[in-house]
$ cat final36.txt   # compact mmCIF, C-alpha atoms
# COMPACT_ATOMS: atom_id res chain seq x y z
CA MET M 1257 -18.15 -10.88 0.15
CA LEU M 1258 -16.53 -13.68 -1.85
CA ARG M 1259 -16.09 -16.91 0.09
CA LEU M 1260 -12.48 -18.07 0.00
CA ASP M 1261 -11.26 -21.58 0.64
CA GLU M 1262 -7.78 -22.76 1.62
CA ARG M 1263 -6.65 -22.98 -2.03
CA ASP M 1264 -7.76 -19.40 -2.70
CA LEU M 1265 -5.85 -18.21 0.36
CA LYS M 1266 -2.79 -20.19 -0.62
CA MET M 1267 -2.91 -18.69 -4.14
CA LEU M 1268 -3.19 -15.19 -2.71
CA SER M 1269 -0.32 -15.78 -0.30
CA ILE M 1270 1.92 -17.07 -3.06
CA LEU M 1271 1.02 -14.19 -5.38
CA ALA M 1272 1.60 -11.62 -2.63
CA ARG M 1273 5.18 -12.89 -2.29
CA GLU M 1274 5.87 -14.01 -5.86
CA GLY M 1275 3.78 -11.92 -8.25
CA ARG M 1276 5.75 -13.12 -11.30
CA ILE M 1277 5.12 -16.80 -10.73
CA SER M 1278 3.89 -18.50 -13.89
CA LYS M 1279 0.31 -19.70 -13.93
CA ALA M 1280 1.56 -23.25 -14.43
CA ASP M 1281 3.80 -23.05 -11.35
CA LEU M 1282 1.02 -21.42 -9.33
CA ALA M 1283 -1.38 -24.23 -10.30
CA LYS M 1284 1.20 -26.84 -9.31
CA ARG M 1285 1.85 -25.17 -5.94
CA VAL M 1286 -1.86 -25.23 -5.05
CA ASN M 1287 -2.37 -28.76 -6.40
CA LEU M 1288 -4.64 -27.86 -9.31
CA SER M 1289 -4.46 -28.31 -13.04
CA ALA M 1290 -3.98 -25.15 -15.12
CA ALA M 1291 -7.63 -24.52 -16.11
CA PRO M 1292 -9.16 -24.60 -12.60
CA ALA M 1293 -6.26 -22.53 -11.24
CA TRP M 1294 -6.77 -19.94 -13.98
CA GLU M 1295 -10.53 -19.83 -13.22
CA ARG M 1296 -9.83 -19.21 -9.53
CA LEU M 1297 -7.31 -16.51 -10.36
CA LYS M 1298 -9.77 -14.81 -12.73
CA ARG M 1299 -12.51 -15.01 -10.07
CA LEU M 1300 -10.20 -13.35 -7.51
CA GLU M 1301 -9.32 -10.60 -9.98
CA ASP M 1302 -12.95 -10.05 -11.05
CA ALA M 1303 -14.01 -9.80 -7.40
CA GLY M 1304 -11.43 -7.06 -6.85
CA ILE M 1305 -9.48 -9.10 -4.31
CA ILE M 1306 -6.40 -9.01 -6.54
CA THR M 1307 -6.09 -5.35 -7.49
CA GLY M 1308 -2.81 -5.46 -9.40
CA TYR M 1309 0.66 -6.87 -9.78
CA ARG M 1310 3.87 -4.93 -9.21
CA ALA M 1311 7.58 -5.36 -8.77
CA ASP M 1312 9.57 -4.54 -5.64
CA ILE M 1313 12.41 -2.32 -6.85
CA ALA M 1314 15.73 -1.85 -5.03
CA LEU M 1315 15.66 1.94 -5.26
CA LYS M 1316 19.15 2.38 -3.80
CA LYS M 1317 20.56 0.49 -6.80
CA LEU M 1318 18.68 2.81 -9.13
CA ALA M 1319 19.06 6.32 -7.74
CA GLN M 1320 19.70 8.39 -4.66
CA HIS M 1321 16.47 8.77 -2.73
CA VAL M 1322 14.97 9.31 0.68
CA THR M 1323 11.84 7.74 2.14
CA VAL M 1324 9.94 9.89 4.59
CA PHE M 1325 6.85 9.22 6.65
CA MET M 1326 4.85 12.33 7.44
CA ALA M 1327 2.20 12.51 10.13
CA ALA M 1328 -0.22 15.26 9.13
CA GLU M 1329 -2.91 17.02 11.10
CA LEU M 1330 -5.52 19.23 9.46
CA GLU M 1331 -6.79 22.49 10.91
CA SER M 1332 -10.43 21.59 10.42
CA HIS M 1333 -12.20 18.26 10.37
CA ARG M 1334 -15.07 18.84 7.99
CA VAL M 1335 -15.67 16.30 5.23
CA GLU M 1336 -14.78 18.87 2.57
CA ASP M 1337 -11.43 19.59 4.28
CA PHE M 1338 -10.47 15.91 4.16
CA GLN M 1339 -11.62 15.67 0.54
CA GLN M 1340 -9.60 18.75 -0.47
CA PHE M 1341 -6.46 17.40 1.21
CA GLU M 1342 -6.86 14.01 -0.47
CA ARG M 1343 -7.48 15.59 -3.89
CA THR M 1344 -4.34 17.70 -3.50
CA LEU M 1345 -2.24 14.60 -2.72
CA SER M 1346 -3.60 12.50 -5.56
CA PRO M 1347 -1.44 13.92 -8.41
CA LEU M 1348 1.77 14.06 -6.32
CA ASP M 1349 3.89 11.13 -7.53
CA GLU M 1350 6.26 11.42 -4.55
CA VAL M 1351 3.40 10.53 -2.22
CA VAL M 1352 3.46 6.76 -2.75
CA ALA M 1353 0.99 5.90 0.02
CA CYS M 1354 -1.37 7.74 2.33
CA TRP M 1355 -3.56 6.45 5.12
CA ALA M 1356 -6.31 8.28 6.98
CA VAL M 1357 -5.79 7.34 10.64
CA GLY M 1358 -7.54 7.73 13.96
CA GLY M 1359 -5.79 9.13 16.99
CA GLY M 1360 -3.62 12.23 17.25
CA PHE M 1361 -3.06 12.73 13.51
CA ASP M 1362 -5.35 12.69 10.53
CA TYR M 1363 -3.04 11.12 7.92
CA ILE M 1364 0.19 9.17 7.61
CA LEU M 1365 1.94 9.72 4.27
CA GLN M 1366 4.77 7.71 2.77
CA ILE M 1367 6.87 9.90 0.52
CA VAL M 1368 9.76 8.83 -1.69
CA THR M 1369 11.78 11.63 -3.25
CA ARG M 1370 15.36 12.48 -4.30
CA ASP M 1371 16.51 14.17 -1.11
CA ILE M 1372 15.41 16.18 1.91
CA ASP M 1373 15.37 19.39 -0.15
CA SER M 1374 12.86 17.81 -2.56
CA TYR M 1375 10.78 16.67 0.39
CA GLN M 1376 10.79 20.19 1.82
CA ARG M 1377 9.65 21.61 -1.53
CA LEU M 1378 6.75 19.14 -1.44
CA VAL M 1379 5.81 20.31 2.06
CA ASP M 1380 6.09 23.94 0.96
CA HIS M 1381 3.75 23.14 -1.95
CA LEU M 1382 1.20 21.69 0.47
CA LEU M 1383 1.45 24.72 2.74
CA GLU M 1384 1.15 27.15 -0.17
CA ALA M 1385 -1.82 25.21 -1.59
CA ARG M 1386 -3.70 26.07 1.61
CA VAL M 1387 -5.10 22.58 2.07
CA GLY M 1388 -5.57 23.09 5.80
CA LEU M 1389 -2.34 21.47 6.96
CA ALA M 1390 -2.08 22.58 10.60
CA ARG M 1391 0.92 20.53 11.74
CA TYR M 1392 3.15 17.87 10.31
CA PHE M 1393 5.87 15.66 11.69
CA THR M 1394 8.64 14.19 9.56
CA TYR M 1395 10.17 10.76 10.08
CA VAL M 1396 13.11 9.94 7.81
CA VAL M 1397 13.64 6.24 7.11
CA THR M 1398 17.24 5.26 7.88
CA LYS M 1399 16.86 1.65 6.73
CA PRO M 1400 14.07 -0.75 5.90
CA VAL M 1401 13.80 -3.47 8.52
CA LYS M 1402 10.82 -5.54 7.37
CA ILE M 1403 8.47 -5.34 4.43
CA SER M 1404 6.33 -8.38 3.76
CA ALA M 1405 3.03 -9.61 2.44
CA PRO M 1406 0.14 -9.60 4.91
CA PRO M 1407 -0.54 -12.84 6.84
CA LEU M 1408 -3.67 -13.73 4.85
CA GLN M 1409 -4.42 -17.11 6.39
CA TRP M 1410 -4.07 -15.70 9.89
CA LEU M 1411 -6.29 -12.70 9.06
CA VAL M 1412 -9.18 -14.77 7.71
CA ALA M 1413 -8.99 -17.55 10.30
CA SER M 1414 -11.93 -17.59 12.65
CA PRO M 1415 -11.02 -16.71 16.26
CA ALA M 1416 -12.50 -20.02 17.42
CA ASN M 1417 -9.78 -21.88 15.49
CA GLU M 1418 -6.90 -20.13 17.26

$ encode --input "final36.txt" --output "structure tokens"
Amino acid sequence: MLRLDERDLKMLSILAREGRISKADLAKRVNLSAAPAWERLKRLEDAGIITGYRADIALKKLAQHVTVFMAAELESHRVEDFQQFERTLSPLDEVVACWAVGGGFDYILQIVTRDIDSYQRLVDHLLEARVGLARYFTYVVTKPVKISAPPLQWLVASPANE
């Protein structure tokens, strides 16, 4: 695992909130000149810690949509059943995130689609594909309350320092 210092963590925190910041501004904010800042950034990218850059888009200003979280439970819990389910989800653009979870369900999916009818067609597709979907529960998002970058410096702090 790559050892990160306070400057690395500060860079990551800034980039998580402000992905479009210029390299010059990023260097200034972490008290480095451009070349050392660029080297750190490249090291973080090469190590796979920074996996990409993206924009947060105000979807409601762009098009009608609905965001749905689906809790899914599979009929069987063999490795190949999980793999088949995950392979089936992979090409579905409406499934914007999926997490395998422990507890009562096997997966939590985040789905963004035009409307509830489109969501139901997606569910019907999964049921018809016979991917072993035993039960699913639908949670329609009525409004986003909080979406933020993870608390990097808190996550990597040693418990003795708290």

$ residues_around --input "final36.txt" --residues "Tyr1309 (chain M)" --least-positions-apart "4" --cutoff "12 Å" --atoms "only C-alpha atoms" --output "list in words"
Leu1268, Leu1271, Ala1272, Arg1273, Glu1274, Gly1275, Arg1276, Ile1277, Glu1301 and Ile1305 of chain M

$ write_last_selection --input "final36.txt" --atoms "C-alpha atoms" --output "CSV table (one decimal), in the frame of the given file"
chain,number,residue,atom,x,y,z
M,1268,LEU,CA,-3.2,-15.2,-2.7
M,1271,LEU,CA,1.0,-14.2,-5.4
M,1272,ALA,CA,1.6,-11.6,-2.6
M,1273,ARG,CA,5.2,-12.9,-2.3
M,1274,GLU,CA,5.9,-14.0,-5.9
M,1275,GLY,CA,3.8,-11.9,-8.2
M,1276,ARG,CA,5.8,-13.1,-11.3
M,1277,ILE,CA,5.1,-16.8,-10.7
M,1301,GLU,CA,-9.3,-10.6,-10.0
M,1305,ILE,CA,-9.5,-9.1,-4.3

$ residues_near_point --input "final36.txt" --point "(-2.5, 19.3, -2.9)" --cutoff "10 Å" --atoms "all atoms listed in the file" --output "PyMOL selection string"
chain M and resi 1340-1348+1378-1379+1381-1388

$ closest_residue --input "final36.txt" --among "M:Asp1281, M:Asp1302, M:Asp1349, M:Asp1362" --to "Glu1331 (chain M)" --atoms "all atoms listed in the file"
M:Asp1362

$ closest_residue --input "final36.txt" --among "M:Leu1315, M:Ser1278, M:Arg1391, M:Leu1265" --to "Leu1411 (chain M)" --atoms "all atoms listed in the file"
M:Leu1265

$ residues_around --input "final36.txt" --residues "Leu1258 (chain M)" --least-positions-apart "3" --cutoff "10 Å" --atoms "all atoms listed in the file" --output "number ranges by chain"
M: 1261, 1299-1300, 1303-1305

$ atom_distance --input "final36.txt" --atom1 "CA of Glu1350 (chain M)" --atom2 "CA of Thr1369 (chain M)"
5.7 Å

$ atom_distance --input "final36.txt" --atom1 "CA of Ala1290 (chain M)" --atom2 "CA of Asp1264 (chain M)"
14.2 Å

$ atom_distance --input "final36.txt" --atom1 "CA of Val1324 (chain M)" --atom2 "CA of Val1368 (chain M)"
6.4 Å

$ axis_aligned_box --input "final36.txt" --around "region 1326-1339 of chain M" --padding-each-side "5 Å" --output "lines of an AutoDock Vina configuration file"
center_x = -5.4
center_y = 17.4
center_z = 5.8
size_x = 30.5
size_y = 20.2
size_z = 20.6

$ closest_residue --input "final36.txt" --among "M:Ala1413, M:Val1335, M:Ala1328, M:Met1257" --to "Phe1361 (chain M)" --atoms "all atoms listed in the file"
M:Ala1328

$ residues_around --input "final36.txt" --residues "region 1392-1398 of chain M" --least-positions-apart "6" --cutoff "10 Å" --atoms "only C-alpha atoms" --output "ChimeraX atom specification"
/M:1322-1330,1361-1368,1372,1375,1379

$ residues_around --input "final36.txt" --residues "Ala1283 (chain M)" --least-positions-apart "5" --cutoff "10 Å" --atoms "only C-alpha atoms" --output "list in words"
Arg1263, Met1267, Ile1277, Ser1278, Leu1288, Ser1289, Ala1290, Ala1291, Pro1292, Ala1293, Trp1294, Arg1296 and Leu1297 of chain M

$ build_atoms --input "final36.txt" --residues "region 1351-1374 of chain M" --atoms "N, CA and C atoms" --output "short mmCIF file (atom, residue, chain, number, x, y, z; two decimals), in the frame of the given file"
data_model
loop_
_atom_site.label_atom_id
_atom_site.label_comp_id
_atom_site.auth_asym_id
_atom_site.auth_seq_id
_atom_site.Cartn_x
_atom_site.Cartn_y
_atom_site.Cartn_z
N VAL M 1351 4.22 11.11 -3.28
CA VAL M 1351 3.40 10.53 -2.22
C VAL M 1351 2.99 9.15 -2.71
N VAL M 1352 3.69 8.12 -2.24
CA VAL M 1352 3.46 6.76 -2.75
C VAL M 1352 2.38 6.02 -1.96
N ALA M 1353 2.06 6.51 -0.77
CA ALA M 1353 0.99 5.90 0.02
C ALA M 1353 0.48 6.94 1.02
N CYS M 1354 -0.78 6.84 1.34
CA CYS M 1354 -1.37 7.74 2.33
C CYS M 1354 -2.50 7.00 3.01
N TRP M 1355 -2.52 7.10 4.33
CA TRP M 1355 -3.56 6.45 5.12
C TRP M 1355 -4.24 7.50 5.99
N ALA M 1356 -5.56 7.50 6.01
CA ALA M 1356 -6.31 8.28 6.98
C ALA M 1356 -6.28 7.45 8.26
N VAL M 1357 -5.95 8.08 9.39
CA VAL M 1357 -5.79 7.34 10.64
C VAL M 1357 -6.58 8.00 11.76
N GLY M 1358 -6.91 7.20 12.76
CA GLY M 1358 -7.54 7.73 13.96
C GLY M 1358 -6.46 8.01 14.99
N GLY M 1359 -6.78 8.81 15.96
CA GLY M 1359 -5.79 9.13 16.99
C GLY M 1359 -5.36 10.59 16.88
N GLY M 1360 -4.12 10.85 17.19
CA GLY M 1360 -3.62 12.23 17.25
C GLY M 1360 -3.44 12.91 15.90
N PHE M 1361 -3.26 12.15 14.84
CA PHE M 1361 -3.06 12.73 13.51
C PHE M 1361 -4.20 12.33 12.61
N ASP M 1362 -4.30 13.01 11.48
CA ASP M 1362 -5.35 12.69 10.53
C ASP M 1362 -4.86 11.76 9.41
N TYR M 1363 -3.58 11.90 9.03
CA TYR M 1363 -3.04 11.12 7.92
C TYR M 1363 -1.60 10.72 8.22
N ILE M 1364 -1.21 9.58 7.68
CA ILE M 1364 0.19 9.17 7.61
C ILE M 1364 0.51 9.04 6.13
N LEU M 1365 1.53 9.76 5.67
CA LEU M 1365 1.94 9.72 4.27
C LEU M 1365 3.29 9.05 4.14
N GLN M 1366 3.46 8.25 3.12
CA GLN M 1366 4.77 7.71 2.77
C GLN M 1366 5.21 8.43 1.51
N ILE M 1367 6.36 9.06 1.61
CA ILE M 1367 6.87 9.90 0.52
C ILE M 1367 8.24 9.40 0.12
N VAL M 1368 8.45 9.21 -1.18
CA VAL M 1368 9.76 8.83 -1.69
C VAL M 1368 10.17 9.92 -2.68
N THR M 1369 11.30 10.54 -2.40
CA THR M 1369 11.78 11.63 -3.25
C THR M 1369 13.31 11.61 -3.29
N ARG M 1370 13.91 12.51 -4.09
CA ARG M 1370 15.36 12.48 -4.30
C ARG M 1370 16.16 12.76 -3.04
N ASP M 1371 15.74 13.75 -2.28
CA ASP M 1371 16.51 14.17 -1.11
C ASP M 1371 15.62 14.99 -0.18
N ILE M 1372 16.18 15.41 0.93
CA ILE M 1372 15.41 16.18 1.91
C ILE M 1372 14.95 17.51 1.33
N ASP M 1373 15.78 18.14 0.49
CA ASP M 1373 15.37 19.39 -0.15
C ASP M 1373 14.11 19.19 -0.99
N SER M 1374 14.05 18.11 -1.75
CA SER M 1374 12.86 17.81 -2.56
C SER M 1374 11.65 17.57 -1.66
#
